[in-house]
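Colleague: Contents of structure_30.pdb (PDB, C-alpha atoms and all ligand atoms) are given next:
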```
ATOM      1  CA  MET E1108      12.513  96.928 -30.666
ATOM      2  CA  ASP E1109       9.161  96.635 -32.484
ATOM      3  CA  ARG E1110       9.916  99.354 -35.006
ATOM      4  CA  TRP E1111      13.006  97.444 -36.182
ATOM      5  CA  LYS E1112      11.174  94.203 -37.013
ATOM      6  CA  GLY E1113      11.751  93.236 -40.653
ATOM      7  CA  ARG E1114      14.222  96.069 -41.182
ATOM      8  CA  VAL E1115      17.816  95.589 -42.319
ATOM      9  CA  ALA E1116      20.873  95.762 -40.049
ATOM     10  CA  LEU E1117      24.407  95.352 -41.323
ATOM     11  CA  VAL E1118      26.721  93.788 -38.733
ATOM     12  CA  THR E1119      30.380  93.726 -39.732
ATOM     13  CA  GLY E1120      32.575  90.987 -38.304
ATOM     14  CA  ALA E1121      29.618  88.660 -37.669
ATOM     15  CA  SER E1122      31.612  85.427 -37.854
ATOM     16  CA  ALA E1123      32.889  85.562 -34.262
ATOM     17  CA  GLY E1124      32.775  87.228 -30.867
ATOM     18  CA  ILE E1125      30.751  90.388 -30.361
ATOM     19  CA  GLY E1126      29.542  90.571 -33.984
ATOM     20  CA  ALA E1127      28.165  87.025 -33.895
ATOM     21  CA  ALA E1128      26.365  87.708 -30.598
ATOM     22  CA  VAL E1129      24.923  90.982 -31.913
ATOM     23  CA  ALA E1130      23.771  89.400 -35.199
ATOM     24  CA  LYS E1131      22.049  86.545 -33.349
ATOM     25  CA  THR E1132      20.342  88.901 -30.890
ATOM     26  CA  LEU E1133      19.007  91.192 -33.623
ATOM     27  CA  VAL E1134      17.660  88.178 -35.544
ATOM     28  CA  GLN E1135      15.956  87.097 -32.323
ATOM     29  CA  HIS E1136      14.308  90.549 -32.277
ATOM     30  CA  GLY E1137      12.976  90.042 -35.811
ATOM     31  CA  MET E1138      15.509  92.003 -37.842
ATOM     32  CA  LYS E1139      16.900  91.040 -41.222
ATOM     33  CA  VAL E1140      20.615  90.992 -40.482
ATOM     34  CA  VAL E1141      23.320  91.035 -43.133
ATOM     35  CA  GLY E1142      26.311  89.541 -41.349
ATOM     36  CA  CYS E1143      29.627  89.943 -43.115
ATOM     37  CA  ALA E1144      33.173  88.671 -42.568
ATOM     38  CA  ARG E1145      35.817  86.716 -44.499
ATOM     39  CA  ASN E1146      34.935  83.389 -42.896
ATOM     40  CA  VAL E1147      31.389  83.218 -44.229
ATOM     41  CA  ASP E1148      30.939  79.531 -43.329
ATOM     42  CA  ARG E1149      30.807  80.444 -39.654
ATOM     43  CA  ILE E1150      28.038  82.966 -40.383
ATOM     44  CA  LYS E1151      26.165  80.319 -42.391
ATOM     45  CA  ASP E1152      26.314  78.020 -39.351
ATOM     46  CA  LEU E1153      25.030  80.822 -37.137
ATOM     47  CA  SER E1154      22.252  81.517 -39.628
ATOM     48  CA  ALA E1155      21.191  77.864 -39.524
ATOM     49  CA  GLU E1156      21.240  77.986 -35.714
ATOM     50  CA  CYS E1157      18.977  81.069 -35.733
ATOM     51  CA  PHE E1158      16.613  79.328 -38.136
ATOM     52  CA  SER E1159      16.410  76.127 -36.086
ATOM     53  CA  SER E1160      15.832  78.171 -32.924
ATOM     54  CA  GLY E1161      12.728  79.624 -34.585
ATOM     55  CA  TYR E1162      13.871  83.254 -34.353
ATOM     56  CA  SER E1163      11.553  85.639 -36.186
ATOM     57  CA  GLY E1164      14.272  87.412 -38.179
ATOM     58  CA  THR E1165      16.851  86.124 -40.635
ATOM     59  CA  LEU E1166      20.629  86.167 -40.806
ATOM     60  CA  LEU E1167      21.953  86.683 -44.325
ATOM     61  CA  PRO E1168      25.629  85.703 -44.580
ATOM     62  CA  TYR E1169      27.857  87.755 -46.885
ATOM     63  CA  LYS E1170      31.527  87.091 -47.566
ATOM     64  CA  CYS E1171      33.509  90.327 -47.511
ATOM     65  CA  ASP E1172      37.038  91.408 -46.764
ATOM     66  CA  LEU E1173      36.295  94.856 -45.387
ATOM     67  CA  THR E1174      39.828  96.087 -46.079
ATOM     68  CA  VAL E1175      39.135  95.850 -49.833
ATOM     69  CA  GLU E1176      36.998  98.803 -50.937
ATOM     70  CA  GLU E1177      35.588  97.027 -54.025
ATOM     71  CA  GLU E1178      34.289  94.213 -51.826
ATOM     72  CA  VAL E1179      32.595  96.688 -49.481
ATOM     73  CA  LEU E1180      30.956  98.520 -52.413
ATOM     74  CA  SER E1181      29.816  95.210 -53.948
ATOM     75  CA  MET E1182      28.252  94.230 -50.643
ATOM     76  CA  PHE E1183      26.217  97.452 -50.505
ATOM     77  CA  SER E1184      25.137  96.952 -54.150
ATOM     78  CA  TRP E1185      24.002  93.422 -53.269
ATOM     79  CA  ILE E1186      22.081  94.684 -50.226
ATOM     80  CA  LYS E1187      20.363  97.319 -52.390
ATOM     81  CA  ALA E1188      19.436  94.827 -55.098
ATOM     82  CA  GLU E1189      18.223  92.083 -52.768
ATOM     83  CA  HIS E1190      17.027  93.872 -49.617
ATOM     84  CA  GLN E1191      16.524  97.568 -50.576
ATOM     85  CA  GLY E1192      19.103  99.008 -48.181
ATOM     86  CA  VAL E1193      20.509  99.363 -44.682
ATOM     87  CA  ASP E1194      18.571 100.872 -41.748
ATOM     88  CA  VAL E1195      21.079 100.094 -38.983
ATOM     89  CA  CYS E1196      24.840  99.959 -39.510
ATOM     90  CA  ILE E1197      26.854  98.240 -36.789
ATOM     91  CA  ASN E1198      30.566  98.753 -37.362
ATOM     92  CA  ASN E1199      31.961  95.987 -35.212
ATOM     93  CA  ALA E1200      34.818  94.322 -37.157
ATOM     94  CA  GLY E1201      38.142  95.275 -35.656
ATOM     95  CA  LEU E1202      41.491  93.871 -34.727
ATOM     96  CA  ALA E1203      44.538  94.593 -32.596
ATOM     97  CA  CYS E1204      47.978  93.526 -33.770
ATOM     98  CA  PRO E1205      50.721  93.672 -31.137
ATOM     99  CA  GLU E1206      52.932  96.192 -32.965
ATOM    100  CA  PRO E1207      54.620  98.756 -30.665
ATOM    101  CA  LEU E1208      55.336 102.261 -31.934
ATOM    102  CA  LEU E1209      59.117 101.824 -31.688
ATOM    103  CA  THR E1210      59.446  98.353 -33.175
ATOM    104  CA  GLY E1211      56.146  97.391 -34.820
ATOM    105  CA  LYS E1212      55.702  96.228 -38.413
ATOM    106  CA  THR E1213      54.187  98.673 -40.912
ATOM    107  CA  SER E1214      51.945  95.890 -42.253
ATOM    108  CA  GLY E1215      50.384  95.412 -38.802
ATOM    109  CA  TRP E1216      49.695  99.144 -38.436
ATOM    110  CA  LYS E1217      48.155  99.225 -41.936
ATOM    111  CA  ASN E1218      45.939  96.256 -41.126
ATOM    112  CA  MET E1219      44.560  98.004 -38.079
ATOM    113  CA  LEU E1220      44.044 101.313 -39.906
ATOM    114  CA  ASP E1221      42.382  99.634 -42.892
ATOM    115  CA  LEU E1222      39.898  97.686 -40.773
ATOM    116  CA  ASN E1223      39.334  99.772 -37.630
ATOM    117  CA  VAL E1224      39.239 103.173 -39.335
ATOM    118  CA  MET E1225      38.895 102.948 -43.139
ATOM    119  CA  ALA E1226      36.375 100.081 -43.326
ATOM    120  CA  LEU E1227      34.274 101.674 -40.581
ATOM    121  CA  SER E1228      34.252 104.961 -42.501
ATOM    122  CA  LEU E1229      33.429 103.296 -45.832
ATOM    123  CA  CYS E1230      30.519 101.336 -44.350
ATOM    124  CA  THR E1231      29.232 104.458 -42.591
ATOM    125  CA  ARG E1232      29.287 106.496 -45.821
ATOM    126  CA  GLU E1233      27.630 103.778 -47.889
ATOM    127  CA  ALA E1234      25.009 103.052 -45.227
ATOM    128  CA  TYR E1235      24.184 106.764 -44.964
ATOM    129  CA  GLN E1236      23.764 107.027 -48.746
ATOM    130  CA  SER E1237      21.491 103.980 -48.630
ATOM    131  CA  MET E1238      19.351 105.562 -45.898
ATOM    132  CA  LYS E1239      19.240 108.936 -47.653
ATOM    133  CA  GLU E1240      18.062 107.596 -51.009
ATOM    134  CA  ARG E1241      15.202 105.750 -49.295
ATOM    135  CA  CYS E1242      14.324 108.769 -47.062
ATOM    136  CA  ILE E1243      14.984 106.789 -43.894
ATOM    137  CA  ASP E1244      14.585 109.230 -40.990
ATOM    138  CA  ASP E1245      15.590 107.050 -38.041
ATOM    139  CA  GLY E1246      18.699 105.181 -39.264
ATOM    140  CA  HIS E1247      21.211 104.263 -36.577
ATOM    141  CA  PHE E1248      25.002 103.913 -36.717
ATOM    142  CA  ILE E1249      26.670 102.013 -33.895
ATOM    143  CA  ASN E1250      30.454 101.886 -33.702
ATOM    144  CA  ILE E1251      32.078  99.297 -31.478
ATOM    145  CA  ASN E1252      34.804 101.347 -29.908
ATOM    146  CA  SER E1253      36.807 100.391 -26.791
ATOM    147  CA  ILE E1254      37.944 101.807 -23.489
ATOM    148  CA  CYS E1255      41.152 102.278 -25.526
ATOM    149  CA  GLY E1256      39.263 104.933 -27.471
ATOM    150  CA  HIS E1257      39.259 107.174 -24.405
ATOM    151  CA  ARG E1258      42.534 106.576 -22.580
ATOM    152  CA  VAL E1259      46.060 105.490 -23.441
ATOM    153  CA  ILE E1260      46.973 102.367 -21.527
ATOM    154  CA  ASN E1261      50.674 101.905 -20.773
ATOM    155  CA  HIS E1262      51.049  98.791 -22.913
ATOM    156  CA  PRO E1263      53.293  99.177 -26.009
ATOM    157  CA  ASP E1264      51.543  96.389 -27.921
ATOM    158  CA  ALA E1265      48.258  98.299 -27.669
ATOM    159  CA  HIS E1266      49.378 101.828 -28.588
ATOM    160  CA  PHE E1267      48.672 101.753 -32.329
ATOM    161  CA  TYR E1268      45.353  99.966 -31.726
ATOM    162  CA  THR E1269      44.560 102.696 -29.191
ATOM    163  CA  ALA E1270      45.199 105.348 -31.858
ATOM    164  CA  THR E1271      42.687 103.660 -34.166
ATOM    165  CA  LYS E1272      40.082 103.594 -31.384
ATOM    166  CA  TYR E1273      40.691 107.283 -30.584
ATOM    167  CA  ALA E1274      39.925 107.773 -34.282
ATOM    168  CA  VAL E1275      36.644 105.893 -33.774
ATOM    169  CA  THR E1276      35.775 108.299 -30.945
ATOM    170  CA  ALA E1277      36.423 111.294 -33.223
ATOM    171  CA  LEU E1278      34.644 109.696 -36.192
ATOM    172  CA  THR E1279      31.533 108.935 -34.144
ATOM    173  CA  GLU E1280      31.330 112.441 -32.730
ATOM    174  CA  GLY E1281      31.969 113.943 -36.179
ATOM    175  CA  LEU E1282      29.268 111.702 -37.636
ATOM    176  CA  ARG E1283      26.836 112.732 -34.909
ATOM    177  CA  GLN E1284      27.461 116.370 -35.769
ATOM    178  CA  GLU E1285      27.021 115.764 -39.531
ATOM    179  CA  LEU E1286      23.821 113.793 -38.908
ATOM    180  CA  ARG E1287      22.404 116.701 -36.884
ATOM    181  CA  GLN E1288      22.883 118.912 -39.963
ATOM    182  CA  THR E1289      20.630 116.562 -41.947
ATOM    183  CA  LYS E1290      17.659 117.485 -39.711
ATOM    184  CA  THR E1291      16.653 113.840 -39.404
ATOM    185  CA  HIS E1292      16.456 111.535 -36.403
ATOM    186  CA  MET E1293      19.451 109.483 -37.532
ATOM    187  CA  ARG E1294      21.754 108.725 -34.621
ATOM    188  CA  ALA E1295      25.346 107.724 -34.004
ATOM    189  CA  THR E1296      26.443 105.771 -30.948
ATOM    190  CA  SER E1297      29.860 104.669 -29.784
ATOM    191  CA  ILE E1298      29.954 101.669 -27.466
ATOM    192  CA  SER E1299      33.206 101.256 -25.547
ATOM    193  CA  PRO E1300      33.641  97.866 -23.910
ATOM    194  CA  GLY E1301      36.393  96.825 -21.553
ATOM    195  CA  LEU E1302      37.848  93.349 -21.985
ATOM    196  CA  VAL E1303      35.359  90.926 -23.560
ATOM    197  CA  LEU E1304      35.816  87.170 -23.688
ATOM    198  CA  THR E1305      36.240  86.535 -27.446
ATOM    199  CA  GLU E1306      38.927  85.318 -29.847
ATOM    200  CA  PHE E1307      40.198  88.908 -30.058
ATOM    201  CA  THR E1308      42.496  88.625 -27.056
ATOM    202  CA  SER E1309      43.960  85.274 -28.038
ATOM    203  CA  LYS E1310      44.833  86.803 -31.433
ATOM    204  CA  PHE E1311      46.368  89.837 -29.684
ATOM    205  CA  PHE E1312      48.421  87.695 -27.301
ATOM    206  CA  SER E1313      48.982  84.951 -29.886
ATOM    207  CA  GLU E1314      52.653  84.629 -28.890
ATOM    208  CA  ASN E1315      51.737  84.080 -25.271
ATOM    209  CA  LYS E1316      48.753  81.825 -24.610
ATOM    210  CA  GLU E1317      49.510  81.655 -20.868
ATOM    211  CA  LYS E1318      49.202  85.448 -20.680
ATOM    212  CA  THR E1319      45.726  85.309 -22.257
ATOM    213  CA  ALA E1320      44.635  82.582 -19.868
ATOM    214  CA  ALA E1321      46.032  84.530 -16.892
ATOM    215  CA  VAL E1322      44.233  87.732 -17.910
ATOM    216  CA  PHE E1323      40.873  85.982 -18.186
ATOM    217  CA  ALA E1324      41.412  83.984 -14.995
ATOM    218  CA  SER E1325      42.133  87.129 -12.987
ATOM    219  CA  PHE E1326      38.600  88.628 -13.066
ATOM    220  CA  LYS E1327      35.115  88.188 -14.484
ATOM    221  CA  SER E1328      35.303  89.635 -17.991
ATOM    222  CA  LEU E1329      32.454  90.935 -20.117
ATOM    223  CA  GLN E1330      30.730  88.434 -22.406
ATOM    224  CA  ALA E1331      29.866  89.128 -26.056
ATOM    225  CA  GLY E1332      26.173  88.907 -25.088
ATOM    226  CA  ASP E1333      26.629  91.866 -22.719
ATOM    227  CA  ILE E1334      27.526  94.065 -25.674
ATOM    228  CA  ALA E1335      24.571  92.704 -27.674
ATOM    229  CA  SER E1336      22.275  93.654 -24.769
ATOM    230  CA  ALA E1337      23.740  97.171 -24.750
ATOM    231  CA  ILE E1338      22.984  97.477 -28.468
ATOM    232  CA  VAL E1339      19.379  96.369 -27.978
ATOM    233  CA  TYR E1340      19.047  98.997 -25.246
ATOM    234  CA  VAL E1341      20.450 101.734 -27.489
ATOM    235  CA  LEU E1342      18.303 100.734 -30.493
ATOM    236  CA  SER E1343      15.192 100.528 -28.303
ATOM    237  CA  ALA E1344      15.270 104.222 -27.395
ATOM    238  CA  PRO E1345      12.607 106.121 -29.362
ATOM    239  CA  PRO E1346      13.846 108.306 -32.277
ATOM    240  CA  HIS E1347      13.784 111.561 -30.293
ATOM    241  CA  VAL E1348      16.077 110.194 -27.578
ATOM    242  CA  GLN E1349      19.838 109.862 -27.709
ATOM    243  CA  VAL E1350      21.359 107.612 -25.088
ATOM    244  CA  SER E1351      24.836 108.299 -23.889
ATOM    245  CA  TRP E1352      26.657 106.612 -21.082
ATOM    246  CA  ARG E1353      29.531 108.781 -20.131
ATOM    247  CA  ASN E1354      33.034 107.548 -19.800
ATOM    248  CA  ARG E1355      33.656 106.946 -16.118
ATOM    249  CA  ASP E1356      36.778 109.143 -16.293
ATOM    250  CA  ASN E1357      34.598 112.117 -17.173
ATOM    251  CA  ALA E1358      31.599 111.554 -14.974
ATOM    252  CA  SER E1359      30.060 109.269 -12.427
ATOM    253  CA  GLY E1360      29.305 106.514 -14.926
ATOM    254  CA  ALA E1361      25.592 107.196 -14.720
ATOM    255  CA  VAL E1362      23.397 106.566 -17.731
ATOM    256  CA  ASP E1363      22.675 109.879 -19.343
ATOM    257  CA  VAL E1364      19.487 110.061 -21.406
ATOM    258  CA  ARG E1365      18.570 113.380 -22.961
ATOM    259  CA  GLY E1366      16.415 114.747 -25.728
ATOM    260  CA  LEU E1367      18.235 114.677 -29.044
ATOM    261  CA  ALA E1368      17.709 118.422 -29.344
ATOM    262  CA  GLU E1369      19.719 119.054 -26.182
ATOM    263  CA  LEU E1370      22.901 117.632 -27.590
ATOM    264  CA  ASP E1371      24.203 120.669 -29.449
ATOM    265  CA  HIS E1372      26.683 121.488 -26.723
ATOM    266  CA  SER E1373      27.710 117.989 -25.779
ATOM    267  CA  SER E1374      31.227 116.843 -26.496
ATOM    268  CA  LEU E1375      31.573 113.075 -26.623
ATOM    269  CA  THR E1376      28.759 110.658 -26.047
ATOM    270  CA  PRO E1377      30.483 107.330 -25.534
ATOM    271  CA  PHE E1378      28.544 104.393 -24.208
ATOM    272  CA  ASP E1379      31.170 103.011 -21.868
ATOM    273  CA  ILE E1380      30.621  99.569 -20.421
ATOM    274  CA  SER E1381      33.441  98.048 -18.513
ATOM    275  CA  GLN E1382      34.141  95.832 -15.587
ATOM    276  CA  GLU E1383      35.359  96.977 -12.164
ATOM    277  CA  GLN E1384      38.987  96.384 -12.922
ATOM    278  CA  ASN E1385      40.898  97.316 -16.048
ATOM    279  CA  PRO E1386      42.859  94.136 -16.696
ATOM    280  CA  VAL E1387      44.857  95.438 -19.647
ATOM    281  CA  SER E1388      46.568  98.042 -17.483
ATOM    282  CA  VAL E1389      47.483  95.609 -14.693
TER     283      VAL E1389
HETATM  284  N1  LIG E1401      37.268  91.535 -27.163
HETATM  285  C1  LIG E1401      37.582  92.628 -26.495
HETATM  286  O1  LIG E1401      38.156  92.560 -25.395
HETATM  287  C2  LIG E1401      37.224  93.980 -27.039
HETATM  288  C3  LIG E1401      37.262  95.072 -26.163
HETATM  289  C4  LIG E1401      36.933  96.331 -26.642
HETATM  290  C5  LIG E1401      36.563  96.509 -27.947
HETATM  291  N2  LIG E1401      36.549  95.429 -28.787
HETATM  292  C6  LIG E1401      36.173  95.675 -30.179
HETATM  293  O2  LIG E1401      35.055  94.863 -30.499
HETATM  294  C7  LIG E1401      35.053  94.575 -31.893
HETATM  295  C8  LIG E1401      34.845  93.084 -32.107
HETATM  296  O3  LIG E1401      35.858  92.397 -31.425
HETATM  297  P1  LIG E1401      35.731  90.863 -30.989
HETATM  298  O4  LIG E1401      36.258  90.794 -29.621
HETATM  299  O5  LIG E1401      34.389  90.339 -31.273
HETATM  300  O6  LIG E1401      36.828  90.248 -31.980
HETATM  301  P2  LIG E1401      36.916  88.816 -32.701
HETATM  302  O7  LIG E1401      36.260  87.764 -31.888
HETATM  303  O8  LIG E1401      38.355  88.670 -33.045
HETATM  304  O9  LIG E1401      36.069  89.040 -34.040
HETATM  305  C9  LIG E1401      36.503  89.948 -35.010
HETATM  306  C10 LIG E1401      35.561  89.911 -36.197
HETATM  307  O10 LIG E1401      36.068  90.820 -37.189
HETATM  308  C11 LIG E1401      36.108  90.115 -38.442
HETATM  309  N3  LIG E1401      37.175  90.607 -39.302
HETATM  310  C12 LIG E1401      38.500  90.703 -39.037
HETATM  311  N4  LIG E1401      39.162  91.155 -40.118
HETATM  312  C13 LIG E1401      38.228  91.329 -41.105
HETATM  313  C14 LIG E1401      38.283  91.760 -42.451
HETATM  314  N5  LIG E1401      39.431  92.103 -43.034
HETATM  315  N6  LIG E1401      37.124  91.803 -43.150
HETATM  316  C15 LIG E1401      35.955  91.419 -42.588
HETATM  317  N7  LIG E1401      35.842  91.028 -41.314
HETATM  318  C16 LIG E1401      36.965  90.979 -40.582
HETATM  319  C17 LIG E1401      36.369  88.665 -38.052
HETATM  320  O11 LIG E1401      35.912  87.793 -39.084
HETATM  321  P3  LIG E1401      36.840  87.020 -40.165
HETATM  322  O12 LIG E1401      38.143  86.748 -39.505
HETATM  323  O13 LIG E1401      36.012  85.814 -40.482
HETATM  324  O14 LIG E1401      36.934  87.965 -41.322
HETATM  325  C18 LIG E1401      35.470  88.541 -36.830
HETATM  326  O15 LIG E1401      34.153  88.285 -37.233
HETATM  327  C19 LIG E1401      36.374  95.120 -32.437
HETATM  328  O16 LIG E1401      36.151  96.361 -33.063
HETATM  329  C20 LIG E1401      37.232  95.307 -31.189
HETATM  330  O17 LIG E1401      38.186  96.331 -31.354
HETATM  331  C21 LIG E1401      36.852  94.169 -28.361
END
```
Show how you would write the structure in this file as structure tokens.
Ligand SMILES: NC(=O)c1ccc[n+]([C@@H]2O[C@H](COP(=O)([O-])OP(=O)(O)OC[C@H]3O[C@@H](n4cnc5c(N)ncnc54)[C@H](OP(=O)(O)O)[C@@H]3O)[C@@H](O)[C@H]2O)c1
Modeller:
Amino acid sequence: MDRWKGRVALVTGASAGIGAAVAKTLVQHGMKVVGCARNVDRIKDLSAECFSSGYSGTLLPYKCDLTVEEEVLSMFSWIKAEHQGVDVCINNAGLACPEPLLTGKTSGWKNMLDLNVMALSLCTREAYQSMKERCIDDGHFININSICGHRVINHPDAHFYTATKYAVTALTEGLRQELRQTKTHMRATSISPGLVLTEFTSKFFSENKEKTAAVFASFKSLQAGDIASAIVYVLSAPPHVQVSWRNRDNASGAVDVRGLAELDHSSLTPFDISQEQNPVSV
């Protein structure tokens, strides 16, 4: 991680769960992390915690509703003015509203599209422009996808969310292909966790707290820190290496590390980390 010390990472959705764990870990590794979310007070608390722990990096809290384009553009202008630009863009913010295809509310579908797909695309575009104007050769885009981005689970509440995560799979692969055209070492990675112990699930099952408790009691779920460790692993690979961890439906689940130049013929390169059991489908 030495080459990332002092460089700027944007982590969206840094006020809770996976984003908070990722922001903290990158600060520990010496990065300057812009952590954004609506609830900026939680990020300020996390920033103070990083400071008092003596971490070598800094966490810079920024209040932003990522579903409002003007707020996203203002955030990138602020980053440019105060911290030159973004070197690593971690699109983590996401949500699942329990809105089935046959009965769900349009507002819930729009929420998911605006955050999981549109905000991710806006941040990717703006971060790329920031890297390009500063001639950054090794910028990295990491999209927090899901196992739902690779298979449709028979759970009506999750179907629209699943569609947004399939979009993340396509967007990451499309981005990887566009980045290859730039003849740089910029990389795109999709990380696809299974169930992670965060507030996400309690929001998803908000009508049924017993169901949430039962799901988490039934097996050992992933922790937010596990995803942060995966990100450190991916960022640590030298610029000429692209790490992909194939979806276990497509291959044996082995880590697949190849030269970046070998990837012309690859299809998807998801980084799939999941537990033994898929609790959502039970
Ligand atoms: N937890 C899981 O089981 C699981 C599994 C697979 C994939 N994932 C994916 O992992 C990512 C993070 O999930 P998580 O489990 O960490 O969820 P979480 O604990 O609910 O955190 C979600 C984060 O997104 C932010 N956010 C939500 N709406 C926002 C908006 N309009 N503008 C800015 N920020 C917004 C929240 O902050 P504010 O509310 O303060 O804005 C919060 O920081 C998501 O993309 C999710 O799809 C999660």
Colleague: Residue by residue, what does the PyMOL selection byres (((chain E and resi 1207) around 8) and not hetatm) grab here? Present the result as a list of chain:residue names.
Modeller: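 Given this file, the PyMOL selection byres (((chain E and resi 1207) around 8) and not hetatm) evaluates to E:Pro1205, E:Glu1206, E:Leu1208, E:Leu1209, E:Thr1210, E:Gly1211, E:Pro1263, E:Asp1264, E:Ala1265, E:His1266, E:Phe1267.
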Colleague: Those same residues, written as a PDB file, in the frame of the given file with C-alpha atoms?
Modeller:
```
ATOM      1  CA  PRO E1205      50.721  93.672 -31.137  1.00  0.00           C
ATOM      2  CA  GLU E1206      52.932  96.192 -32.965  1.00  0.00           C
ATOM      3  CA  LEU E1208      55.336 102.261 -31.934  1.00  0.00           C
ATOM      4  CA  LEU E1209      59.117 101.824 -31.688  1.00  0.00           C
ATOM      5  CA  THR E1210      59.446  98.353 -33.175  1.00  0.00           C
ATOM      6  CA  GLY E1211      56.146  97.391 -34.820  1.00  0.00           C
ATOM      7  CA  PRO E1263      53.293  99.177 -26.009  1.00  0.00           C
ATOM      8  CA  ASP E1264      51.543  96.389 -27.921  1.00  0.00           C
ATOM      9  CA  ALA E1265      48.258  98.299 -27.669  1.00  0.00           C
ATOM     10  CA  HIS E1266      49.378 101.828 -28.588  1.00  0.00           C
ATOM     11  CA  PHE E1267      48.672 101.753 -32.329  1.00  0.00           C
TER      12      PHE E1267
END
```
Colleague: Please, which residues have at least one atom within 8 Å of an atom of ligand LIG 1401 (chain E), using all atoms listed in the file, listed as a ChimeraX atom specification?
Modeller: /E:1119-1127,1143-1147,1149,1170-1175,1198-1203,1218,1222-1223,1250-1255,1272,1299-1308,1310,1329,1331
Colleague: Got a sec to resolve the PyMOL selection byres (((chain E and resi 1342) around 10) and not hetatm) on this structure and send the residues as a ChimeraX atom specification?
Modeller: /E:1108,1110-1111,1195,1246-1249,1294,1296,1336-1341,1343-1346,1349-1350
Colleague: Interatomic distance between CA of Lys1327 (chain E) and CA of Arg1258 (chain E)?
Modeller: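 Computing the Euclidean distance for CA of Lys1327 (chain E) and CA of Arg1258 (chain E) yields 21.4 Å.
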Colleague: Could you list the residues chosen by the PyMOL selection byres (((chain E and resi 1135) around 12) and not hetatm) in this structure as a PyMOL selection string?
Modeller: chain E and resi 1108-1109+1111-1113+1128-1134+1136-1140+1154+1156-1166+1335-1336+1339
Colleague: Include C-alpha atoms and write out the residues we just selected as a tab-separated table (two decimals), in the coordinates of the input.
Modeller:
```tsv
chain	number	residue	atom	x	y	z
E	1108	MET	CA	12.51	96.93	-30.67
E	1109	ASP	CA	9.16	96.64	-32.48
E	1111	TRP	CA	13.01	97.44	-36.18
E	1112	LYS	CA	11.17	94.20	-37.01
E	1113	GLY	CA	11.75	93.24	-40.65
E	1128	ALA	CA	26.36	87.71	-30.60
E	1129	VAL	CA	24.92	90.98	-31.91
E	1130	ALA	CA	23.77	89.40	-35.20
E	1131	LYS	CA	22.05	86.54	-33.35
E	1132	THR	CA	20.34	88.90	-30.89
E	1133	LEU	CA	19.01	91.19	-33.62
E	1134	VAL	CA	17.66	88.18	-35.54
E	1136	HIS	CA	14.31	90.55	-32.28
E	1137	GLY	CA	12.98	90.04	-35.81
E	1138	MET	CA	15.51	92.00	-37.84
E	1139	LYS	CA	16.90	91.04	-41.22
E	1140	VAL	CA	20.62	90.99	-40.48
E	1154	SER	CA	22.25	81.52	-39.63
E	1156	GLU	CA	21.24	77.99	-35.71
E	1157	CYS	CA	18.98	81.07	-35.73
E	1158	PHE	CA	16.61	79.33	-38.14
E	1159	SER	CA	16.41	76.13	-36.09
E	1160	SER	CA	15.83	78.17	-32.92
E	1161	GLY	CA	12.73	79.62	-34.58
E	1162	TYR	CA	13.87	83.25	-34.35
E	1163	SER	CA	11.55	85.64	-36.19
E	1164	GLY	CA	14.27	87.41	-38.18
E	1165	THR	CA	16.85	86.12	-40.64
E	1166	LEU	CA	20.63	86.17	-40.81
E	1335	ALA	CA	24.57	92.70	-27.67
E	1336	SER	CA	22.28	93.65	-24.77
E	1339	VAL	CA	19.38	96.37	-27.98
```
Colleague: What does the distance between CA of Met1225 (chain E) and CA of Asp1244 (chain E) come to in Å, to one decimal place?
Modeller: 25.2 Å
Colleague: Just the number, please: distance in Å from CA of Val1348 (chain E) to CA of Gly1281 (chain E), one decimal.
Modeller: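 One can read the CA of Val1348 (chain E) to CA of Gly1281 (chain E) distance as 18.5 Å.
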Colleague: I'd like to know which of E:Gln1330, E:Thr1279, E:Ser1214, E:Ser1237 is closest to Val1193 (chain E), using all atoms listed in the file.
Modeller: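 Among E:Gln1330, E:Thr1279, E:Ser1214, E:Ser1237, it is E:Ser1237 that comes nearest to Val1193 (chain E).
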Colleague: Fewer than 3 positions away in the same chain doesn't count, so skip those; otherwise give me all residues within 9 Å of region 1232-1235 of chain E, counting only C-alpha atoms, as a list in words.
Modeller: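 Here the qualifying residues turn out to be Leu1117, Val1179, Leu1180, Phe1183, Gly1192, Val1193, Asp1194, Val1195, Cys1196, Leu1227, Ser1228, Leu1229, Met1238, Lys1239, Glu1240, Gly1246 and Phe1248 of chain E.
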Colleague: Could you check which residues have any atom within 10 Å of (35.4, 110.6, -32.1), counting all atoms listed in the file with coordinates taken straight from the file, and then list them as a list of chain:residue names?
Modeller: E:Asn1252, E:Gly1256, E:His1257, E:Lys1272, E:Tyr1273, E:Ala1274, E:Val1275, E:Thr1276, E:Ala1277, E:Leu1278, E:Thr1279, E:Glu1280, E:Gly1281, E:Leu1282, E:Arg1283, E:Ser1297, E:Ser1374, E:Leu1375, E:Thr1376, E:Pro1377
